[in-house]
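Q: So here's structure_21.pdb, just PDB, C-alpha atoms:
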```pdb
ATOM      1  CA  MET A   6     -12.428  45.290  61.781
ATOM      2  CA  GLU A   7      -9.534  42.875  62.247
ATOM      3  CA  ARG A   8     -10.551  39.305  62.993
ATOM      4  CA  SER A   9      -8.780  37.203  65.600
ATOM      5  CA  LEU A  10      -6.781  34.162  64.484
ATOM      6  CA  THR A  11      -7.452  30.625  65.633
ATOM      7  CA  VAL A  12      -4.577  29.584  67.915
ATOM      8  CA  LEU A  13      -3.218  26.047  68.158
ATOM      9  CA  ARG A  14      -1.136  25.667  71.308
ATOM     10  CA  VAL A  15       1.195  22.750  70.594
ATOM     11  CA  SER A  16       3.397  21.059  73.215
ATOM     12  CA  LEU A  17       6.165  18.666  72.088
ATOM     13  CA  TYR A  18       8.139  15.996  73.939
ATOM     14  CA  HIS A  19      10.737  13.383  72.978
ATOM     15  CA  PRO A  20      11.869  10.872  75.662
ATOM     16  CA  THR A  21      15.498  10.451  74.519
ATOM     17  CA  LEU A  22      16.516  13.337  72.266
ATOM     18  CA  GLY A  23      14.766  16.028  74.276
ATOM     19  CA  THR A  24      14.867  19.525  72.758
ATOM     20  CA  ALA A  25      17.419  18.416  70.107
ATOM     21  CA  ALA A  26      14.583  16.779  68.159
ATOM     22  CA  PHE A  27      12.854  20.157  67.799
ATOM     23  CA  ILE A  28      15.788  22.400  66.915
ATOM     24  CA  ASN A  29      13.992  23.772  63.818
ATOM     25  CA  VAL A  30      10.665  24.364  65.546
ATOM     26  CA  PRO A  31       9.828  28.088  65.848
ATOM     27  CA  LEU A  32       8.103  29.627  68.830
ATOM     28  CA  GLU A  33       5.248  30.705  66.581
ATOM     29  CA  LEU A  34       4.141  29.760  63.070
ATOM     30  CA  GLN A  35       1.386  31.594  61.218
ATOM     31  CA  HIS A  36      -0.148  29.723  58.303
ATOM     32  CA  ASP A  37      -2.910  30.294  55.780
ATOM     33  CA  THR A  38      -5.777  27.854  55.329
ATOM     34  CA  SER A  39      -3.777  25.505  53.090
ATOM     35  CA  THR A  40      -2.522  22.166  54.431
ATOM     36  CA  LEU A  41       0.312  22.382  56.966
ATOM     37  CA  LEU A  42       2.924  19.623  56.519
ATOM     38  CA  ILE A  43       4.960  18.018  59.333
ATOM     39  CA  GLY A  44       8.039  15.822  58.757
ATOM     40  CA  ARG A  45      11.789  15.848  58.252
ATOM     41  CA  GLY A  46      11.719  17.077  54.631
ATOM     42  CA  ARG A  47      12.840  20.573  53.725
ATOM     43  CA  ASP A  48       9.514  21.275  52.034
ATOM     44  CA  THR A  49       7.553  20.796  55.268
ATOM     45  CA  HIS A  50       6.231  23.726  57.264
ATOM     46  CA  LEU A  51       7.208  22.111  60.584
ATOM     47  CA  GLN A  52      10.548  20.327  60.180
ATOM     48  CA  LEU A  53      11.603  17.772  62.812
ATOM     49  CA  GLN A  54      15.101  16.247  62.912
ATOM     50  CA  LEU A  55      14.416  12.558  63.451
ATOM     51  CA  PRO A  56      15.907   9.740  61.321
ATOM     52  CA  HIS A  57      12.826   7.484  61.486
ATOM     53  CA  LEU A  58      10.447  10.270  60.513
ATOM     54  CA  SER A  59       9.094  10.331  56.969
ATOM     55  CA  ARG A  60       9.838  13.351  54.802
ATOM     56  CA  ARG A  61       6.130  14.102  54.936
ATOM     57  CA  HIS A  62       4.798  12.390  58.028
ATOM     58  CA  LEU A  63       1.647  14.282  59.013
ATOM     59  CA  SER A  64      -0.620  16.939  57.593
ATOM     60  CA  LEU A  65      -2.840  19.344  59.462
ATOM     61  CA  GLU A  66      -5.728  20.551  57.322
ATOM     62  CA  PRO A  67      -8.063  23.414  58.334
ATOM     63  CA  TYR A  68     -11.595  23.410  56.943
ATOM     64  CA  LEU A  69     -14.974  24.962  57.599
ATOM     65  CA  GLU A  70     -17.908  22.789  58.588
ATOM     66  CA  LYS A  71     -21.336  23.619  57.196
ATOM     67  CA  GLY A  72     -23.080  26.152  59.403
ATOM     68  CA  SER A  73     -19.943  26.931  61.430
ATOM     69  CA  THR A  74     -18.046  30.205  61.611
ATOM     70  CA  LEU A  75     -14.892  28.695  63.157
ATOM     71  CA  LEU A  76     -12.047  26.752  61.587
ATOM     72  CA  THR A  77     -11.990  23.010  62.237
ATOM     73  CA  PHE A  78      -8.914  20.813  61.766
ATOM     74  CA  CYS A  79      -8.214  17.230  60.774
ATOM     75  CA  LEU A  80      -4.950  15.300  61.088
ATOM     76  CA  LYS A  81      -3.817  12.854  58.383
ATOM     77  CA  ASN A  82      -1.075  10.208  58.428
ATOM     78  CA  LEU A  83       1.144  10.586  55.329
ATOM     79  CA  SER A  84       3.721   7.961  56.337
ATOM     80  CA  ARG A  85       3.719   4.568  54.616
ATOM     81  CA  LYS A  86       5.942   2.949  57.260
ATOM     82  CA  SER A  87       4.628   4.320  60.563
ATOM     83  CA  CYS A  88       1.310   4.645  62.306
ATOM     84  CA  VAL A  89       0.041   7.646  64.224
ATOM     85  CA  TRP A  90      -2.067   7.669  67.370
ATOM     86  CA  VAL A  91      -4.588  10.480  67.870
ATOM     87  CA  ASN A  92      -6.566  10.548  71.123
ATOM     88  CA  GLY A  93      -5.979   6.804  71.508
ATOM     89  CA  LEU A  94      -7.114   5.980  67.965
ATOM     90  CA  LEU A  95      -4.915   4.461  65.272
ATOM     91  CA  LEU A  96      -4.233   6.164  61.939
ATOM     92  CA  ARG A  97      -2.611   4.169  59.145
ATOM     93  CA  PHE A  98      -1.356   5.540  55.831
ATOM     94  CA  LEU A  99      -3.696   8.230  54.409
ATOM     95  CA  GLU A 100      -6.220   7.829  57.211
ATOM     96  CA  GLN A 101      -7.411  11.030  58.850
ATOM     97  CA  ILE A 102      -9.459  12.145  61.836
ATOM     98  CA  PRO A 103     -11.033  15.446  62.942
ATOM     99  CA  LEU A 104      -9.429  17.054  65.982
ATOM    100  CA  ASN A 105     -11.153  17.913  69.243
ATOM    101  CA  ILE A 106     -10.524  21.011  71.346
ATOM    102  CA  ILE A 107      -7.773  19.121  73.226
ATOM    103  CA  ASN A 108      -5.842  16.370  71.413
ATOM    104  CA  ARG A 109      -3.064  13.913  72.257
ATOM    105  CA  VAL A 110      -0.944  12.756  69.331
ATOM    106  CA  SER A 111       2.024  10.363  69.245
ATOM    107  CA  PHE A 112       4.217   9.246  66.332
ATOM    108  CA  SER A 113       7.833   8.065  65.945
ATOM    109  CA  ASN A 114       8.385   8.390  69.701
ATOM    110  CA  ILE A 115       7.199  12.011  69.677
ATOM    111  CA  GLN A 116       4.420  13.051  72.028
ATOM    112  CA  MET A 117       2.380  16.082  71.048
ATOM    113  CA  THR A 118      -0.647  17.806  72.510
ATOM    114  CA  ILE A 119      -2.756  20.279  70.523
ATOM    115  CA  HIS A 120      -5.126  22.696  72.241
ATOM    116  CA  ILE A 121      -7.336  24.616  69.806
ATOM    117  CA  GLU A 122      -8.518  28.118  70.721
ATOM    118  CA  GLY A 123     -11.045  29.261  68.121
ATOM    119  CA  GLY A 124     -10.853  32.632  66.395
ATOM    120  CA  THR A 125     -13.061  34.494  63.949
ATOM    121  CA  SER A 126     -10.612  34.632  61.026
ATOM    122  CA  LEU A 127     -11.212  32.110  58.246
ATOM    123  CA  GLU A 128      -8.100  33.040  56.282
ATOM    124  CA  ALA A 129      -5.259  31.982  58.602
ATOM    125  CA  PHE A 130      -4.346  30.388  61.924
ATOM    126  CA  VAL A 131      -1.288  30.396  64.161
ATOM    127  CA  CYS A 132       0.598  27.583  65.945
ATOM    128  CA  CYS A 133       2.350  28.409  69.216
ATOM    129  CA  PHE A 134       4.940  25.791  70.190
ATOM    130  CA  GLN A 135       6.225  24.816  73.611
ATOM    131  CA  LEU A 136       8.822  22.129  74.431
ATOM    132  CA  SER A 137       7.878  19.972  77.397
ATOM    133  CA  PRO A 138      10.543  18.580  79.797
ATOM    134  CA  SER A 139       8.232  15.756  80.919
ATOM    135  CA  PRO A 140       5.951  13.214  79.182
ATOM    136  CA  LEU A 141       2.656  14.494  77.828
ATOM    137  CA  ILE A 142       0.919  11.133  77.396
ATOM    138  CA  TYR A 143       0.879   8.252  79.870
ATOM    139  CA  ARG A 144      -0.133   4.828  78.574
ATOM    140  CA  PRO A 145       0.918   1.170  78.718
ATOM    141  CA  LYS A 146       3.744   0.514  76.266
ATOM    142  CA  ALA A 147       1.829  -2.368  74.661
ATOM    143  CA  GLU A 148      -0.888   0.044  73.544
ATOM    144  CA  GLU A 149       1.260   1.754  70.941
ATOM    145  CA  THR A 150       3.584   0.677  68.154
ATOM    146  CA  ASP A 151       5.235   2.661  65.382
ATOM    147  CA  GLU A 152       5.117  -0.063  62.733
ATOM    148  CA  TRP A 153       1.637  -0.185  61.230
ATOM    149  CA  GLU A 154       2.404  -3.488  59.468
ATOM    150  CA  SER A 155       2.425  -5.247  62.851
ATOM    151  CA  ILE A 156      -1.177  -4.205  63.585
ATOM    152  CA  PRO A 157      -4.095  -6.318  62.277
ATOM    153  CA  HIS A 158      -5.551  -4.881  59.076
ATOM    154  CA  GLY A 159      -9.131  -5.955  59.721
ATOM    155  CA  GLN A 160      -9.896  -2.662  61.433
ATOM    156  CA  PRO A 161     -12.040  -0.074  59.564
ATOM    157  CA  LEU A 162     -10.404   2.954  57.978
ATOM    158  CA  LEU A 163     -10.699   6.111  60.032
ATOM    159  CA  GLY A 164     -10.925   8.165  56.867
ATOM    160  CA  SER A 165     -14.223   6.468  56.100
ATOM    161  CA  GLY A 166     -15.815   7.926  59.223
ATOM    162  CA  GLU A 167     -15.335   4.897  61.475
ATOM    163  CA  ARG A 168     -13.048   5.109  64.490
ATOM    164  CA  THR A 169     -10.774   2.313  65.615
ATOM    165  CA  PRO A 170     -10.707   1.517  69.348
ATOM    166  CA  VAL A 171      -7.406   1.214  71.177
ATOM    167  CA  ASN A 172      -5.779  -2.186  71.000
ATOM    168  CA  LEU A 173      -4.977  -3.043  74.621
ATOM    169  CA  GLY A 174      -3.011  -6.156  73.888
ATOM    170  CA  PHE A 175      -5.520  -8.502  72.224
ATOM    171  CA  PRO A 176      -4.771  -8.882  68.469
ATOM    172  CA  THR A 177      -8.332 -10.154  68.120
ATOM    173  CA  ALA A 178     -11.289 -10.390  70.466
ATOM    174  CA  PRO A 179     -10.435 -12.492  73.561
ATOM    175  CA  PRO A 180     -11.926 -16.016  73.480
ATOM    176  CA  ARG A 181     -15.178 -16.591  75.342
ATOM    177  CA  LEU A 182     -14.777 -19.099  78.146
ATOM    178  CA  GLY A 183     -16.698 -22.314  77.731
ATOM    179  CA  THR A 184     -17.515 -21.990  74.028
ATOM    180  CA  ALA A 185     -15.335 -24.845  72.771
ATOM    181  CA  LEU A 186     -14.829 -27.325  75.616
ATOM    182  CA  SER A 187     -13.533 -30.861  75.191
ATOM    183  CA  SER A 188     -15.635 -33.821  76.249
ATOM    184  CA  GLN A 189     -13.350 -34.452  79.233
ATOM    185  CA  ALA A 190     -13.787 -30.841  80.379
ATOM    186  CA  LEU A 191     -17.587 -31.169  80.094
ATOM    187  CA  GLU A 192     -17.550 -34.340  82.203
ATOM    188  CA  GLU A 193     -15.476 -32.545  84.827
ATOM    189  CA  GLU A 194     -17.923 -29.649  84.822
ATOM    190  CA  GLN A 195     -20.932 -31.969  85.249
ATOM    191  CA  LYS A 196     -19.169 -33.849  88.070
ATOM    192  CA  TYR A 197     -18.533 -30.689  90.043
ATOM    193  CA  SER A 198     -21.980 -29.294  89.249
ATOM    194  CA  SER A 199     -23.586 -32.420  90.737
ATOM    195  CA  ARG A 200     -21.752 -31.673  94.024
ATOM    196  CA  GLY A 201     -23.102 -28.114  94.109
ATOM    197  CA  SER A 202     -19.690 -26.603  93.375
ATOM    198  CA  CYS A 203     -18.899 -23.706  91.006
ATOM    199  CA  GLN A 204     -16.205 -24.528  88.426
ATOM    200  CA  THR A 205     -14.287 -22.074  86.193
ATOM    201  CA  LEU A 206     -12.703 -23.618  83.126
ATOM    202  CA  LEU A 207      -9.578 -21.720  82.163
ATOM    203  CA  SER A 208      -8.884 -23.550  78.889
ATOM    204  CA  ALA A 209     -10.374 -26.047  76.465
ATOM    205  CA  SER A 210      -7.193 -28.114  76.636
ATOM    206  CA  PRO A 211      -7.406 -31.444  78.521
ATOM    207  CA  ALA A 212      -4.040 -30.630  80.102
ATOM    208  CA  SER A 213      -5.359 -27.518  81.825
ATOM    209  CA  GLU A 214      -6.103 -27.523  85.529
ATOM    210  CA  SER A 215      -9.458 -26.553  87.014
ATOM    211  CA  LYS A 216      -9.781 -24.681  90.265
ATOM    212  CA  PRO A 217     -12.941 -24.475  92.384
ATOM    213  CA  CYS A 218     -14.460 -20.996  92.768
TER     214      CYS A 218
END
```
In structure tokens, how does this file's structure come out?

A:
Amino acid sequence: MERSLTVLRVSLYHPTLGTAAFINVPLELQHDTSTLLIGRGRDTHLQLQLPHLSRRHLSLEPYLEKGSTLLTFCLKNLSRKSCVWVNGLLLRFLEQIPLNIINRVSFSNIQMTIHIEGGTSLEAFVCCFQLSPSPLIYRPKAEETDEWESIPHGQPLLGSGERTPVNLGFPTAPPRLGTALSSQALEEEQKYSSRGSCQTLLSASPASESKPC
């Protein structure tokens, strides 16, 4: 009895180059259970024509979880110079993350969605590609950057099993209001408190202005 293949339905979008960035992408790519490589190098299985892409930029690795009869996939960042975003989480060099049923991936200005349809075959899978004329991922521009060096390195490695939350603009945790107030600010707070007023201190600096609530 012939077993059905797991199907990965992959949509691709580039905001400036359009379909020219995916000139070497086939409509369908069948692959065995070895690692599938993505990049601009000739030795990759999915070759993309982009100057800022690494020769080996990403890898898609199928594996079998204990007790499961379906293929599972993880995505790894192979680029030393660029970061990769997967479902809003940051991957640096050699970090990897397991994929969900539906996944949103962005790297080097490319937007990619991966929808996994499980099959019974454990020996191969197939990728079906579609080029999208419109954006696949909508997010604030400040949420994503291609240069991983510009992102704080105090975050845990995703490959170690810990996930990194999306950085929404704060390089570190935002300061807690009222934790380091100057003596002048404290006097102002006590003065307004004695009048029964509510005061919000916007800064610990004596030059800051206070506004009544």

Q: I'd like the interatomic distance between CA of Glu66 (chain A) and CA of Leu80 (chain A), to a tenth of an Å.

A: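 CA of Leu80 (chain A) lies 6.5 Å from CA of Glu66 (chain A).
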
Q: Step by step, work through what the PyMOL selection byres ((chain A and resi 45) around 6) selects in the shown file, and finish by giving those residues as a list in words.

A: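 Applied to this file, the PyMOL selection byres ((chain A and resi 45) around 6) returns Gly44, Gly46, Gln52, Leu53, Gln54 and Arg60 of chain A.
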
Q: Hey, which of A:Ser73, A:Ser87, A:Ser139, A:Asn92 ends up closest to Asn105 (chain A)? Count only C-alpha atoms.

A: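 For Asn105 (chain A), the nearest of the candidates is A:Asn92.
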
Q: Go ahead and compute the interatomic distance for CA of His36 (chain A) and CA of Ala129 (chain A), in Å to one decimal.

A: 5.6 Å

Q: How far is it from CA of Leu10 (chain A) to CA of Thr74 (chain A), in Å with one decimal?

A: 12.3 Å

Q: Between A:Leu34, A:Leu58, A:Leu65, A:Ile107, which is the closest to Lys86 (chain A) once you count only C-alpha atoms?

A: A:Leu58

Q: Between A:Ser84, A:Asn114, A:Thr77, A:Ser137, which one has atoms that come closest to Arg61 (chain A), using all atoms listed in the file?

A: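 Between A:Ser84, A:Asn114, A:Thr77, A:Ser137, the residue approaching Arg61 (chain A) most closely is A:Ser84.
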
Q: Using all atoms listed in the file, pick whichever of A:Pro67, A:Ser111, A:Arg47, A:Leu42 has the shortest atom-to-atom distance to Leu83 (chain A).

A: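 Between A:Pro67, A:Ser111, A:Arg47, A:Leu42, the residue approaching Leu83 (chain A) most closely is A:Leu42.
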
Q: Neighbours of region 18-21 of chain A within 6 Å (all atoms listed in the file; same-chain residues fewer than 2 positions away dropped), as a ChimeraX atom specification?

A: /A:23,115-116,137

Q: Run the PyMOL selection byres ((chain A and resi 91) around 8) against the file shown and list the residues it catches, as a ChimeraX atom specification.

A: /A:89-90,92-96,102,108-111

Q: Pick the closest to Cys133 (chain A) from A:Asn29, A:Gln35, A:Asn82, A:Ser9: which is it, counting all atoms listed in the file?

A: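 That would be A:Gln35, the residue with the smallest distance to Cys133 (chain A).
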
Q: Pick out the closest residue to Leu51 (chain A) from this set: A:Leu141, A:Leu75, A:Cys88, A:Cys132. Count all atoms listed in the file.

A: A:Cys132

Q: Where's the centre, and what are the edge lengths in Å to one decimal, of a box along x, y and z enclosing all listed atoms of region 43-61 of chain A padded 5 Å per side, as AutoDock Vina command-line options?

A:
```
--center_x 10.4 --center_y 15.6 --center_z 57.7 --size_x 20.9 --size_y 26.2 --size_z 21.4
```
